[in-house]
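Reading through the structure tokens given below for one structure.
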2 protein chains.
Amino acid sequence: MYTIGIDLGGTNIVSLLMDKGGKIILRDTRKTLADKGKETTLKQIENSAKAVIEKARRKGIKKKAIVGVGIGSPGPLSIKKGIVRFAPNLPGWRDVPLVDFLRERVKLPVFLENDANAACLGEWWKGAGKGKKHIVLLTLGTGIGGGIVINNEILHGAWDTGAEVGHMTIVVDGLPCGCGSRGCLEAYASATGVVKRTLMALEKVKKSSLLERVRGDKEKLTSRIVYEEAKRGDSLAKEIAEETGKYLGAGIASLVNILNPEVVILGGGMIQAGELLFEPTRRYASRYALKEAIEGVEIVPARLGQDAGAIGAACVVWKRTNNAG
Amino acid sequence: MYTIGIDLGGTNIVSLLMDKGGKIILRDTRKTLADKGKETTLKQIENSAKAVIEKARRKGIKKKAIVGVGIGSPGPLSIKKGIVRFAPNLPGWRDVPLVDFLRERVKLPVFLENDANAACLGEWWKGAGKGKKHIVLLTLGTGIGGGIVINNEILHGAWDTGAEVGHMTIVVDGLPCGCGSRGCLEAYASATGVVKRTLMALEKVKKSSLLERVRGDKEKLTSRIVYEEAKRGDSLAKEIAEETGKYLGAGIASLVNILNPEVVILGGGMIQAGELLFEPTRRYASRYALKEAIEGVEIVPARLGQDAGAIGAACVVWKRTNNAG
């Protein structure tokens with residue numbers, strides 16, 4: 001028995017055929033033509049799923065051996081209704097009945113999941129959270145997304161908006177956040193937040209290797225450059241890295257105190273920074289969290305990279321059809 | 001069929017006999033003689049349970065109609081092992097096998113739950129969270145405790161330390177907290193936090209009705225006095241009440257963004273302040289939380305008062321014996 005997992009991203013559509021043990025049998029990847037509008041993207045999803053079914057057939061795997069299709073989508077979603085309510089990176093997507101659309105075309109059961117939740121479920125099934133019952137994932141990119149697994153189940157909440165871990169308030173009256181609030185974790189510890197705090201700090205200094213790296217053009221600054229210069233010893237960049245660990249550690253401590261997970265997994269582009277990110281984060285999380293909650297909690301990098309969402313989407317099919325993964 | 005719920009508090013031991021519909025049939029209440037040591041308190045619990053069984057017998061309710069005993073205890077606990085690891089308000093309590101102790105003496109199945117979780121389950125079963133699947137309780141007293149119900153189940157986490165909602169970091173590098181960390185919600189929005197912030201604000205003024213109320217003796221200040229003076233129009237007290245709503249609103253917004261509950265219930269002594277507490281709290285929670293998560297969330301007072309813990313403890317028996325409450 002097999003399942004198909006599809007990760008619908010603003011950049012790529014990744015579809016995987018997986019077996020019940022979590023082995024990837026084959027894949028289809030295509031660039032998302034989001035700019036061409038909703039109909040084009042929907043057709044791409046259909047074609048990707050059909051391509052996987054066809055490739056499977058050529059390998060001797062019959063369609064009736066495929067239990068269903070899971071799809072991880074940006075949200076907010078209505079999971080029970082199978083509807084994408086809105087997707088910031090997919091122009092024109094408003095109240096799209098994605099599950100009905102795909103089920104009618106591929107003639108298989110289809111299950112919808114939030115993309116960040118799917119990535120979390122992927123890490124729980126086959127990645128850094130394997131074998132754990134309670135995990136938290138934070139994805140550190142332009143923003144901070146995440147997912148929560150409690151008792152081996154994704155936390156959805158009352159209307160499927162749970163696990164918005166990037167929008168915990170960590171500094172009341174703090175820096176403005178893209179969500180319209182202030183002081184959110186995302187405003188401090190996302191790649192965007194790191195750049196913003198670095199630019200604020202650069203206002204106060206005359207000389208920094210960071211300024212040399214971007215030849216004075218501050219718009220070229222990225223969190224990657226900040227961490228590279230921190231590694232080379234630039235004192236301002238090192239201070240920013242330390243403070244990023246403090247903010248992230250505070251956010252993780254709150255999650256640990258509230259949820260008592262066994263492992264906190266960090267994913268997204270920023271984890272390329274390695275120990276410059278992880279060491280201060282672990283140190284501050286231990287300082288801020290209750291001893292009995294944080295003791296024994298691992299804070300580790302995600303393992304599945306770009307595949308996490310599609311792997312988790314494939315897992316969703318096993319979970320929702322009561323075939324324990 | 002009936003269950004017994006016991007709330008083991010530092011002040012009182014409350015035992016209730018309840019029916020499956022959640023009706024309180026009879027009760028036994030006794031002052032906790034915590035100072036007399038562990039053995040005395042254990043004997044009190046035994047006597048209270050036995051008193052309920054005896055009173056039930058006199059009402060014609062046979063012991064075999066009693067399914068079991070639930071007990072809500074201060075923690076940290078090991079729920080699966082039935083052990084109270086430590087209880088700050090019960091001197092001498094260290095690794096007490098409370099479940100084994102009580103089961104051997106009353107000859108009924110006994111189930112342990114954290115006291116704050118029990119109160120939350122009580123509100124879910126018969127109080128302000130009745131009919132909801134996802135609720136959060138914050139108990140605003142000397143400290144801030146709480147409980148979380150997700151999908152009709154208490155969130156325990158990996159080692160039963162979940163739902164420590166008072167120790168979310170809401171101000172990185174903020175006021176010191178009793179837990180050893182800084183900037184916790186409890187440090188700002190508990191009764192103790194309110195008094196502390198008021199005293200800090202009083203340092204900067206020469207005249208305030210608050211100072212008159214305590215005749216210059218600042219040690220006599222309580223959060224109750226602050227809210228009473230805010231009601232009478234004292235500007236400093238009003239400002240403190242406004243800010244308490246801001247801190248509490250920020251903490252609730254984080255919980256709403258993470259957990260997506262249908263209702264947030266506030267309990268504990270501080271809710272006597274009424275709208276002076278609730279109005280700013282609701283306003284700031286709406287401001288800080290994601291629109292799609294907070295829309296439709298009610299922030300309401302707890303309904304069960306002192307009985308919440310014992311009612312929830314009685315409910316624990318139904319849940320753990322798979323008799324849905």
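Labels used: A, B, ... for chains in the order of the structure tokens, numbers from 1 for residues in each chain, and numbers from 1 for ligands as shown.
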Next item on the list: Return the neighbours of chain B among the residues of chain A, cut-off 6 Å, counting only C-alpha atoms, as a ChimeraX atom specification.
Entry: /A:157-158,161-165,168-172,181,254,257-261,288,293
With C-alpha atoms retained, write the just-selected residues as a tab-separated table (two decimals), in the first residue's frame.
```
chain	number	residue	atom	x	y	z
A	157	GLY	CA	-7.35	23.88	17.34
A	158	ALA	CA	-10.97	24.93	17.03
A	161	THR	CA	-5.44	28.21	13.01
A	162	GLY	CA	-3.32	26.54	15.72
A	163	ALA	CA	0.48	26.50	15.99
A	164	GLU	CA	1.07	30.08	14.88
A	165	VAL	CA	4.22	30.02	16.98
A	168	MET	CA	3.70	34.74	20.34
A	169	THR	CA	4.24	38.09	22.02
A	170	ILE	CA	7.75	37.97	23.49
A	171	VAL	CA	8.18	41.72	24.03
A	172	VAL	CA	5.03	43.64	24.99
A	181	SER	CA	0.77	43.26	16.19
A	254	SER	CA	7.26	29.52	26.46
A	257	ASN	CA	6.31	25.50	29.46
A	258	ILE	CA	2.94	25.38	27.71
A	259	LEU	CA	3.25	22.13	25.74
A	260	ASN	CA	5.97	20.05	27.45
A	261	PRO	CA	7.31	18.51	24.19
A	288	TYR	CA	13.94	30.93	30.65
A	293	ALA	CA	9.84	21.12	31.69
```
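CA of Leu266 in chain A is positioned 26.5 Å from CA of Ile25 in chain A.
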Next item on the list: Pull the helix (DSSP H, G or I) assignments for range 145-196 of chain A out of DSSP run on the backbone, and list those residues as a ChimeraX atom specification.
Entry: /A:165-167,185-189,191-196
Item checked: Shell of 8 Å around Leu108 in chain B, only C-alpha atoms, local chain residues under 2 positions omitted, as a PyMOL selection string -> chain B and resi 67-69+103-104+106+110
Selection to disk with all heavy atoms, as an mmCIF file, in the first residue's frame:
```cif
data_model
loop_
_atom_site.group_PDB
_atom_site.id
_atom_site.type_symbol
_atom_site.label_atom_id
_atom_site.label_comp_id
_atom_site.auth_asym_id
_atom_site.auth_seq_id
_atom_site.Cartn_x
_atom_site.Cartn_y
_atom_site.Cartn_z
ATOM 1 N N VAL B 67 -17.698 4.461 40.930
ATOM 2 C CA VAL B 67 -16.754 3.960 39.922
ATOM 3 C C VAL B 67 -15.305 4.149 40.358
ATOM 4 O O VAL B 67 -14.438 3.325 40.062
ATOM 5 C CB VAL B 67 -17.007 4.683 38.575
ATOM 6 C CG1 VAL B 67 -15.995 4.260 37.525
ATOM 7 C CG2 VAL B 67 -18.425 4.410 38.087
ATOM 8 N N GLY B 68 -15.041 5.230 41.073
ATOM 9 C CA GLY B 68 -13.666 5.487 41.478
ATOM 10 C C GLY B 68 -13.523 6.858 42.094
ATOM 11 O O GLY B 68 -14.492 7.608 42.218
ATOM 12 N N VAL B 69 -12.273 7.167 42.468
ATOM 13 C CA VAL B 69 -11.950 8.439 43.109
ATOM 14 C C VAL B 69 -10.919 9.177 42.254
ATOM 15 O O VAL B 69 -9.887 8.603 41.887
ATOM 16 C CB VAL B 69 -11.346 8.210 44.521
ATOM 17 C CG1 VAL B 69 -11.037 9.550 45.200
ATOM 18 C CG2 VAL B 69 -12.281 7.366 45.379
ATOM 19 N N ARG B 103 -5.886 4.113 47.208
ATOM 20 C CA ARG B 103 -6.544 2.918 46.677
ATOM 21 C C ARG B 103 -6.564 1.801 47.722
ATOM 22 O O ARG B 103 -7.564 1.115 47.901
ATOM 23 C CB ARG B 103 -5.839 2.442 45.410
ATOM 24 C CG ARG B 103 -6.619 1.354 44.662
ATOM 25 C CD ARG B 103 -5.873 0.822 43.456
ATOM 26 N NE ARG B 103 -4.510 0.504 43.815
ATOM 27 C CZ ARG B 103 -3.437 0.887 43.130
ATOM 28 N NH1 ARG B 103 -3.574 1.606 42.039
ATOM 29 N NH2 ARG B 103 -2.226 0.567 43.536
ATOM 30 N N GLU B 104 -5.445 1.633 48.414
ATOM 31 C CA GLU B 104 -5.370 0.578 49.431
ATOM 32 C C GLU B 104 -6.352 0.818 50.576
ATOM 33 O O GLU B 104 -6.870 -0.119 51.165
ATOM 34 C CB GLU B 104 -3.943 0.480 49.992
ATOM 35 C CG GLU B 104 -2.994 -0.247 49.035
ATOM 36 C CD GLU B 104 -1.526 0.037 49.345
ATOM 37 O OE1 GLU B 104 -1.218 0.458 50.490
ATOM 38 O OE2 GLU B 104 -0.702 -0.139 48.429
ATOM 39 N N VAL B 106 -9.291 2.990 50.513
ATOM 40 C CA VAL B 106 -10.731 3.075 50.207
ATOM 41 C C VAL B 106 -11.206 1.936 49.311
ATOM 42 O O VAL B 106 -12.409 1.791 49.077
ATOM 43 C CB VAL B 106 -11.138 4.445 49.585
ATOM 44 C CG1 VAL B 106 -10.785 5.588 50.522
ATOM 45 C CG2 VAL B 106 -10.512 4.649 48.217
ATOM 46 N N VAL B 110 -8.297 4.710 41.920
ATOM 47 C CA VAL B 110 -7.965 6.113 42.202
ATOM 48 C C VAL B 110 -7.167 6.681 41.027
ATOM 49 O O VAL B 110 -6.299 6.005 40.473
ATOM 50 C CB VAL B 110 -7.149 6.237 43.509
ATOM 51 C CG1 VAL B 110 -6.735 7.690 43.756
ATOM 52 C CG2 VAL B 110 -7.953 5.709 44.704
#
```
Notebook entry, point to check: Could you pull the residues within 9 Å of Cys120 in chain A, counting only C-alpha atoms, minus those fewer than 6 positions along the same chain, as a ChimeraX atom specification?
Noted result: /A:129,135-138,146-149,154,265,308-309,312
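The space separating CA of Leu42 in chain B from CA of Thr29 in chain B comes to 14.5 Å.
Take CA of Leu77 in chain B and CA of Thr192 in chain B: the distance between them is 24.9 Å.
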Checklist line | Proximity to Pro109 in chain B - best of B:Arg215, B:Arg85, B:Lys126, B:Lys63, only C-alpha atoms | finding: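 Under the stated criterion, the closest residue is B:Lys63.
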Next item on the list: Going by DSSP on the backbone, which bits of range 24-215 of chain A are strand (DSSP E or B)? Write them as a PyMOL selection string, please.
Entry: chain A and resi 24-31+66-73+77-78+83-86+94-96+110-114+135-140+144-150+153-154+169+171+176+182+184
Check: Can you list, as a PyMOL selection string, every protein, DNA or RNA residue that comes within 9 Å of Thr244 in chain B when you count only C-alpha atoms, leaving out same-chain residues fewer than 6 positions away?
Finding: chain B and resi 188-190+193-194+277+280-281
With N, CA and C atoms retained, export the selected residues as a PDB file, in the first residue's frame.
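What landed in out-v2.pdb:
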```
ATOM      1  N   TYR B 188       3.958  39.850  35.862  1.00  0.00           N
ATOM      2  CA  TYR B 188       3.241  41.079  35.521  1.00  0.00           C
ATOM      3  C   TYR B 188       1.765  41.054  35.905  1.00  0.00           C
ATOM      4  N   ALA B 189       1.116  39.900  35.682  1.00  0.00           N
ATOM      5  CA  ALA B 189      -0.355  39.910  35.715  1.00  0.00           C
ATOM      6  C   ALA B 189      -0.969  39.077  36.840  1.00  0.00           C
ATOM      7  N   SER B 190      -0.151  38.462  37.695  1.00  0.00           N
ATOM      8  CA  SER B 190      -0.700  37.821  38.896  1.00  0.00           C
ATOM      9  C   SER B 190      -1.014  38.918  39.918  1.00  0.00           C
ATOM     10  N   GLY B 193       2.143  40.311  40.916  1.00  0.00           N
ATOM     11  CA  GLY B 193       2.694  41.174  39.861  1.00  0.00           C
ATOM     12  C   GLY B 193       2.026  42.538  39.850  1.00  0.00           C
ATOM     13  N   VAL B 194       0.719  42.548  40.058  1.00  0.00           N
ATOM     14  CA  VAL B 194      -0.020  43.815  40.089  1.00  0.00           C
ATOM     15  C   VAL B 194       0.497  44.682  41.241  1.00  0.00           C
ATOM     16  N   LEU B 277     -10.925  44.260  34.959  1.00  0.00           N
ATOM     17  CA  LEU B 277      -9.939  43.283  34.506  1.00  0.00           C
ATOM     18  C   LEU B 277     -10.271  42.794  33.093  1.00  0.00           C
ATOM     19  N   PRO B 280     -10.126  45.574  29.503  1.00  0.00           N
ATOM     20  CA  PRO B 280      -8.835  45.792  28.828  1.00  0.00           C
ATOM     21  C   PRO B 280      -8.171  44.491  28.354  1.00  0.00           C
ATOM     22  N   THR B 281      -8.400  43.408  29.089  1.00  0.00           N
ATOM     23  CA  THR B 281      -7.804  42.131  28.676  1.00  0.00           C
ATOM     24  C   THR B 281      -8.335  41.714  27.307  1.00  0.00           C
TER      25      THR B 281
END
```
